[in-house]
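K.L.:
The file below is work-v8.txt, compact mmCIF, C-alpha atoms (C1' of nucleotides):
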# COMPACT_ATOMS: atom_id res chain seq x y z
CA MET L 23 14.38 13.20 7.03
CA LEU L 24 14.66 12.48 3.33
CA HIS L 25 12.08 9.81 3.75
CA ALA L 26 9.76 12.21 5.53
CA LEU L 27 10.15 14.75 2.78
CA SER L 28 9.79 12.27 -0.05
CA ASP L 29 6.04 12.10 0.32
CA PRO L 30 4.15 14.67 -1.75
CA MET L 31 1.67 15.37 0.98
CA ARG L 32 4.33 15.99 3.55
CA LEU L 33 6.47 18.03 1.21
CA ARG L 34 3.42 20.13 0.56
CA ILE L 35 2.91 20.68 4.24
CA VAL L 36 6.52 21.67 4.70
CA ARG L 37 6.33 24.01 1.76
CA GLU L 38 3.27 25.72 3.14
CA LEU L 39 4.95 26.01 6.48
CA ALA L 40 8.04 27.50 4.90
CA ALA L 41 5.96 29.87 2.81
CA GLY L 42 4.05 31.10 5.81
CA SER L 43 5.68 34.33 6.83
CA GLY L 44 4.72 33.71 10.42
CA ASP L 45 6.29 30.56 11.62
CA GLU L 46 3.45 28.65 13.16
CA LEU L 47 0.29 27.35 11.62
CA SER L 48 -2.48 25.25 13.06
CA CYS L 49 -3.04 21.78 11.74
CA SER L 50 -6.42 22.72 10.42
CA HIS L 51 -5.01 25.55 8.38
CA PHE L 52 -3.96 23.10 5.73
CA ASP L 53 -6.59 22.00 3.30
CA LEU L 54 -5.21 18.65 2.37
CA PRO L 55 -7.11 16.26 0.12
CA VAL L 56 -7.04 13.54 2.74
CA THR L 57 -8.93 12.76 5.88
CA LYS L 58 -8.06 14.05 9.28
CA SER L 59 -6.63 10.72 10.28
CA THR L 60 -4.17 10.78 7.47
CA THR L 61 -3.29 14.37 8.20
CA THR L 62 -2.50 13.44 11.77
CA HIS L 63 -0.38 10.60 10.48
CA HIS L 64 1.67 12.88 8.25
CA PHE L 65 2.17 15.44 10.96
CA ARG L 66 3.37 12.72 13.23
CA VAL L 67 5.87 11.48 10.68
CA LEU L 68 7.14 15.00 10.20
CA ARG L 69 7.44 15.54 13.92
CA GLU L 70 9.16 12.23 14.59
CA SER L 71 11.64 12.84 11.81
CA GLY L 72 12.47 16.18 13.36
CA VAL L 73 11.23 18.40 10.59
CA ILE L 74 8.53 20.21 12.48
CA ARG L 75 7.72 21.20 16.01
CA GLN L 76 4.26 20.88 17.47
CA VAL L 77 3.09 22.80 20.48
CA TYR L 78 -0.26 23.23 22.04
CA ARG L 79 -1.02 26.91 22.00
CA GLY L 80 -4.19 27.20 23.97
CA THR L 81 -6.82 25.35 22.05
CA ALA L 82 -5.09 24.73 18.76
CA LYS L 83 -1.98 22.79 18.00
CA MET L 84 0.55 24.91 16.26
CA ASN L 85 3.05 23.53 13.81
CA GLY L 86 6.36 25.16 13.29
CA LEU L 87 9.09 24.31 10.88
CA ARG L 88 12.33 23.61 12.74
CA ARG L 89 14.27 25.61 10.26
CA ASP L 90 17.13 26.61 12.48
CA ASP L 91 17.73 23.12 13.79
CA LEU L 92 17.63 21.67 10.32
CA ASP L 93 19.95 24.34 9.01
CA ALA L 94 22.35 23.57 11.82
CA LEU L 95 22.34 19.88 11.04
CA PHE L 96 22.20 20.06 7.27
CA PRO L 97 23.31 23.51 6.14
CA GLY L 98 21.60 24.60 3.01
CA LEU L 99 19.66 21.42 2.52
CA LEU L 100 16.27 22.74 3.42
CA GLY L 101 16.74 25.84 1.36
CA ALA L 102 17.87 23.95 -1.69
CA LEU L 103 15.06 21.50 -1.25
CA LEU L 104 12.39 24.14 -0.99
CA ALA L 105 13.81 26.01 -3.94
CA ALA L 106 13.84 22.81 -5.95
CA ALA L 107 10.27 22.05 -5.01
CA ASP L 108 9.22 25.55 -6.00
CA ARG L 109 10.94 25.29 -9.33
CA GLN L 110 9.43 21.94 -10.05
CA SER L 111 6.07 23.17 -9.00
CA THR L 112 6.07 26.11 -11.33
CA ARG L 113 7.41 23.90 -14.05
CA LEU L 114 4.69 21.28 -13.86
CA GLY L 115 1.66 22.92 -12.37
CA VAL L 116 0.58 26.43 -13.03
CA ALA L 117 -0.69 27.24 -9.61
CA GLY L 118 2.54 27.48 -7.73
CA LEU L 119 1.72 25.94 -4.42
CA ASN L 120 -1.59 24.37 -5.26
CA ARG L 121 -0.25 21.32 -6.90
CA PRO L 122 -2.62 18.36 -6.80
CA ALA L 123 0.06 16.05 -5.43
CA ARG L 124 -0.63 12.59 -6.68
CA GLU L 125 -3.65 13.35 -8.75
CA GLY L 126 -5.25 10.25 -10.07
CA GLY L 127 -2.56 7.66 -10.26
CA GLY L 128 -1.74 7.58 -6.61
CA ARG L 129 0.32 4.68 -5.59
CA THR L 130 -1.48 3.60 -2.51
CA GLY L 131 -4.92 3.27 -1.10
CA ARG L 132 -7.88 5.24 -2.14
CA VAL L 133 -7.78 9.02 -1.98
CA ARG L 134 -11.00 10.32 -0.60
CA PRO L 135 -13.77 8.37 -2.35
CA ARG L 136 -15.85 5.74 -0.59
CA MET P 4 14.24 11.86 -6.62
CA LEU P 5 13.85 12.36 -2.90
CA HIS P 6 12.34 8.96 -2.69
CA ALA P 7 15.24 7.43 -4.56
CA LEU P 8 17.71 9.10 -2.25
CA SER P 9 15.86 8.26 0.93
CA ASP P 10 17.10 4.70 0.94
CA PRO P 11 20.39 4.20 2.78
CA MET P 12 21.70 1.79 0.22
CA ARG P 13 21.00 4.11 -2.66
CA LEU P 14 22.30 7.15 -0.85
CA ARG P 15 25.45 5.20 -0.23
CA ILE P 16 25.77 4.42 -3.90
CA VAL P 17 25.28 8.03 -4.83
CA ARG P 18 27.80 9.14 -2.28
CA GLU P 19 30.38 6.74 -3.60
CA LEU P 20 29.67 7.93 -7.10
CA ALA P 21 30.02 11.52 -6.05
CA ALA P 22 33.20 10.79 -4.15
CA GLY P 23 34.74 9.04 -7.12
CA SER P 24 36.95 11.57 -8.80
CA GLY P 25 36.44 9.89 -12.11
CA ASP P 26 32.82 9.99 -13.02
CA GLU P 27 31.97 6.44 -13.94
CA LEU P 28 32.13 3.29 -11.95
CA SER P 29 31.07 -0.21 -12.78
CA CYS P 30 28.23 -1.81 -10.90
CA SER P 31 30.53 -4.38 -9.42
CA HIS P 32 32.81 -1.76 -8.00
CA PHE P 33 30.44 -1.28 -5.12
CA ASP P 34 30.70 -3.74 -2.32
CA LEU P 35 27.22 -3.53 -1.00
CA PRO P 36 25.96 -5.80 1.74
CA VAL P 37 23.18 -7.13 -0.43
CA THR P 38 22.88 -9.58 -3.26
CA LYS P 39 23.42 -8.69 -6.85
CA SER P 40 19.71 -8.83 -7.51
CA THR P 41 19.08 -6.16 -4.96
CA THR P 42 21.95 -4.13 -6.29
CA THR P 43 20.44 -4.26 -9.75
CA HIS P 44 17.15 -3.18 -8.27
CA HIS P 45 18.68 -0.15 -6.58
CA PHE P 46 20.55 0.86 -9.67
CA ARG P 47 17.36 0.66 -11.61
CA VAL P 48 15.53 2.86 -9.15
CA LEU P 49 18.33 5.40 -9.32
CA ARG P 50 18.33 5.32 -13.08
CA GLU P 51 14.57 5.60 -13.39
CA SER P 52 14.48 8.51 -11.00
CA GLY P 53 17.07 10.25 -13.11
CA VAL P 54 19.87 10.33 -10.61
CA ILE P 55 22.37 8.22 -12.48
CA ARG P 56 23.21 7.32 -16.02
CA GLN P 57 24.08 3.81 -17.09
CA VAL P 58 25.95 2.93 -20.21
CA TYR P 59 27.40 -0.28 -21.45
CA ARG P 60 31.10 0.20 -21.86
CA GLY P 61 32.26 -2.96 -23.50
CA THR P 62 31.54 -5.77 -21.11
CA ALA P 63 30.87 -3.74 -18.00
CA LYS P 64 28.05 -1.36 -17.27
CA MET P 65 29.29 1.98 -16.12
CA ASN P 66 27.33 4.17 -13.76
CA GLY P 67 27.65 7.89 -13.82
CA LEU P 68 26.08 10.45 -11.56
CA ARG P 69 24.01 12.90 -13.59
CA ARG P 70 25.37 15.77 -11.63
CA ASP P 71 24.97 18.47 -14.23
CA ASP P 72 21.40 17.56 -15.06
CA LEU P 73 20.47 17.44 -11.42
CA ASP P 74 22.16 20.74 -10.75
CA ALA P 75 20.27 22.26 -13.64
CA LEU P 76 16.97 21.03 -12.30
CA PHE P 77 17.57 21.51 -8.62
CA PRO P 78 20.43 23.95 -8.12
CA GLY P 79 22.40 23.22 -5.02
CA LEU P 80 20.25 20.36 -3.91
CA LEU P 81 22.66 17.57 -4.64
CA GLY P 82 25.53 19.44 -3.11
CA ALA P 83 23.66 20.22 0.06
CA LEU P 84 22.44 16.69 0.25
CA LEU P 85 25.84 15.14 -0.13
CA ALA P 86 27.32 17.55 2.36
CA ALA P 87 24.57 16.71 4.81
CA ALA P 88 25.14 13.01 4.34
CA ASP P 89 28.84 13.46 4.90
CA ARG P 90 28.30 15.42 8.04
CA GLN P 91 25.85 12.92 9.40
CA SER P 92 28.15 10.10 8.48
CA THR P 93 31.10 11.49 10.35
CA ARG P 94 28.83 12.33 13.23
CA LEU P 95 27.40 8.86 13.68
CA GLY P 96 29.83 6.40 12.22
CA VAL P 97 33.54 6.71 12.54
CA ALA P 98 34.51 5.34 9.19
CA GLY P 99 33.35 8.13 6.98
CA LEU P 100 31.87 6.38 4.05
CA ASN P 101 31.81 2.85 5.34
CA ARG P 102 28.67 3.14 7.30
CA PRO P 103 26.85 -0.16 7.77
CA ALA P 104 23.57 1.32 6.64
CA ARG P 105 20.77 -0.43 8.39
CA GLU P 106 22.87 -2.68 10.51
CA GLY P 107 20.81 -5.15 12.44
CA GLY P 108 17.41 -3.59 12.81
CA GLY P 109 16.65 -3.30 9.16
CA ARG P 110 13.08 -2.63 8.45
CA THR P 111 12.46 -5.03 5.68
CA GLY P 112 13.26 -8.49 4.58
CA ARG P 113 16.31 -10.37 5.60
CA VAL P 114 19.69 -8.91 4.90
CA ARG P 115 21.95 -11.60 3.63
CA PRO P 116 21.44 -14.59 5.96
CA ARG P 117 19.56 -17.70 4.98
C1' DC O 14 -26.17 21.09 28.94
C1' DG O 15 -25.85 19.93 23.90
C1' DA O 16 -23.67 20.52 19.61
C1' DC O 17 -19.83 21.43 17.01
C1' DT O 18 -14.85 21.59 15.84
C1' DC O 19 -10.12 19.98 16.38
C1' DG O 20 -7.16 16.59 16.92
C1' DT O 21 -5.89 11.66 18.37
C1' DA O 22 -5.97 6.53 18.71
C1' DC O 23 -6.99 2.13 16.81
C1' DG O 24 -7.94 -1.20 13.35
C1' DA O 25 -8.32 -2.45 8.47
C1' DT O 26 -6.73 -2.55 3.74
C1' DA O 27 -4.19 -2.21 -0.41
C1' DG O 28 -0.15 -1.20 -2.56
C1' DC O 29 4.74 -0.33 -2.57
C1' DT O 30 9.33 -1.88 -1.76
C1' DG O 31 13.65 -4.01 -0.08
C1' DT O 32 15.39 -8.31 0.08
C1' DC O 33 16.32 -12.89 -1.49
C1' DG O 34 16.93 -16.99 -4.73
C1' DT O 35 17.05 -19.03 -9.18
C1' DA O 36 17.52 -18.89 -13.89
C1' DG O 37 18.94 -16.67 -17.94
C1' DT O 38 21.95 -13.79 -21.40
C1' DA O 39 26.33 -11.70 -23.06
C1' DC O 40 31.14 -11.85 -23.18
C1' DG O 41 35.80 -13.04 -22.53
C1' DG O 42 39.48 -16.50 -20.90
C1' DT O 43 41.30 -21.37 -20.82
C1' DA X 18 33.71 -26.32 -26.13
C1' DC X 19 33.65 -25.05 -21.27
C1' DC X 20 33.70 -22.18 -17.47
C1' DG X 21 33.70 -17.81 -14.87
C1' DT X 22 32.19 -12.99 -14.53
C1' DA X 23 28.80 -9.26 -14.99
C1' DC X 24 24.35 -8.10 -15.04
C1' DT X 25 19.28 -8.78 -15.64
C1' DA X 26 14.51 -10.87 -15.25
C1' DC X 27 11.08 -13.04 -12.69
C1' DG X 28 8.83 -14.66 -8.71
C1' DA X 29 8.34 -14.85 -3.65
C1' DC X 30 8.00 -12.85 0.88
C1' DA X 31 7.80 -9.81 4.74
C1' DG X 32 7.41 -5.41 6.37
C1' DC X 33 6.33 -0.66 5.80
C1' DT X 34 3.02 2.89 4.92
C1' DA X 35 -0.59 5.92 2.96
C1' DT X 36 -5.14 5.87 3.24
C1' DC X 37 -9.62 5.25 5.17
C1' DG X 38 -13.43 4.80 8.79
C1' DT X 39 -15.00 4.98 13.41
C1' DA X 40 -14.77 6.19 18.01
C1' DC X 41 -13.05 9.22 21.54
C1' DG X 42 -11.32 13.30 24.53
C1' DA X 43 -10.71 18.46 24.89
C1' DG X 44 -12.34 22.79 24.20
C1' DT X 45 -15.72 26.46 22.50
C1' DC X 46 -20.19 28.38 21.57
C1' DG X 47 -25.29 28.78 21.63
Show the structure stored in the file as structure tokens.

P.N.:
Amino acid sequence: MLHALSDPMRLRIVRELAAGSGDELSCSHFDLPVTKSTTTHHFRVLRESGVIRQVYRGTAKMNGLRRDDLDALFPGLLGALLAAADRQSTRLGVAGLNRPAREGGGRTGRVRPR
Amino acid sequence: MLHALSDPMRLRIVRELAAGSGDELSCSHFDLPVTKSTTTHHFRVLRESGVIRQVYRGTAKMNGLRRDDLDALFPGLLGALLAAADRQSTRLGVAGLNRPAREGGGRTGRVRPR
DNA sequence: CGACTCGTACGATAGCTGTCGTAGTACGGT
DNA sequence: ACCGTACTACGACAGCTATCGTACGAGTCG
């Protein structure tokens, strides 16, 4: 789980999910600066690490944060983590949630161009 | 920081540091199932991610958990994390802290043999 | 039906990283 | 002086993984 959450892109997804008042968002709701393939990859990692739940709801695939399960396993962890991410976000970037997440000096692969 | 803590070996180090009533332990106090080179590597990652503090105390190098700094930056995170690790530890392995950490099916490199 | 959108699967690629071994430095004991 | 301990630096290697592109199936709309 720590590994899953230690990627900026995935942490961003989780934060958006947690911020969403409703609890389920479609994959395409997220406007991530990566291709669809990569998005699928990240959602899979999150699902396989038990952080989110994915269900087909008619035509779209809804993603839900498994908050209760996580809280049962690791009480307080998710909350503290989200709070920490929020604090760091507001400390570094101005825009709250819209942090670039690995702007420029990414550590791996290309990000978008080509 | 999440990345630093998402490695079993490093989490183990941090847990031992946190468990130590005194706050500073020498590198060699830890009996990790890896070579000294790898140990140095992990300590460096922990130091560079700001989780621990290293000071030369005479001949030995003492490692201290930067608990207060971390708590200031991410209130409650470290506590929740350690608690979660403890719970998971007692759930999976019997021996509390002495979990093998990547026994057998490690994902990378060889572990010891050769 | 055809076109479009959403999401997946597969293969490729580059970079990170955990691990090791060997060699080196600093320091204290014999 | 010599050796042992503690730790680091550097190089090598294998595996993971974040990313991309392309191709594909499912479903919706004109």

K.L.:
By how many Å are C1' of DT18 in chain O and CA of His51 in chain L apart?

P.N.:
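Separation between C1' of DT18 in chain O and CA of His51 in chain L: 13.0 Å.
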
K.L.:
Report, in Å to a single decimal, how far apart C1' of DG20 in chain O and CA of Met23 in chain L are.

P.N.:
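The value is 23.9 Å.
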
K.L.:
Mind listing as a list in words which residues of chain X are within 7 Å of chain P, counting all atoms listed in the file?

P.N.:
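Per the criterion, chain X yields DA23, DA31 and DG32 of chain X.
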
K.L.:
Calculate how many Å separate CA of Ala40 in chain L from CA of Arg69 in chain P, rounding to one decimal.

P.N.:
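Separation between CA of Ala40 in chain L and CA of Arg69 in chain P: 28.5 Å.
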
K.L.:
Which one of P:Glu19, P:Asp89, P:Glu51, P:Asp72 sits closest to chain L if you count all atoms listed in the file?

P.N.:
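Smallest distance to chain L is found for P:Asp89.
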
K.L.:
Quick one: which residues from chain P are at most 6 Å off chain L, using all atoms listed in the file, as a ChimeraX atom specification?

P.N.:
/P:5-6,9,77,79-80,83-84,87

K.L.:
Residues as selected, C-alpha atoms, written as a CSV table (one decimal), in the frame of the given file, can you do that?

P.N.:
chain,number,residue,atom,x,y,z
P,5,LEU,CA,13.8,12.4,-2.9
P,6,HIS,CA,12.3,9.0,-2.7
P,9,SER,CA,15.9,8.3,0.9
P,77,PHE,CA,17.6,21.5,-8.6
P,79,GLY,CA,22.4,23.2,-5.0
P,80,LEU,CA,20.2,20.4,-3.9
P,83,ALA,CA,23.7,20.2,0.1
P,84,LEU,CA,22.4,16.7,0.2
P,87,ALA,CA,24.6,16.7,4.8

K.L.:
Considering all atoms listed in the file, extract the chain O residues located within 8 Å of chain P and return them as a list in words.

P.N.:
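Contact residues on the first chain: DG31, DT32, DC33 and DC40 of chain O.
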
K.L.:
Take the residues that were just selected and, keeping C-alpha atoms (C1' of nucleotides), output them as a CSV table (one decimal), in the frame of the given file.

P.N.:
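Once everything was written out, this is part_31.csv:
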chain,number,residue,atom,x,y,z
O,31,DG,C1',13.6,-4.0,-0.1
O,32,DT,C1',15.4,-8.3,0.1
O,33,DC,C1',16.3,-12.9,-1.5
O,40,DC,C1',31.1,-11.8,-23.2

K.L.:
Go through L:Val67, L:Ala41, L:Leu54, L:Val77 and flag the residue nearest Arg89 in chain L, using only C-alpha atoms for the distances.

P.N.:
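Result for the nearest residue to Arg89 in chain L: L:Ala41.
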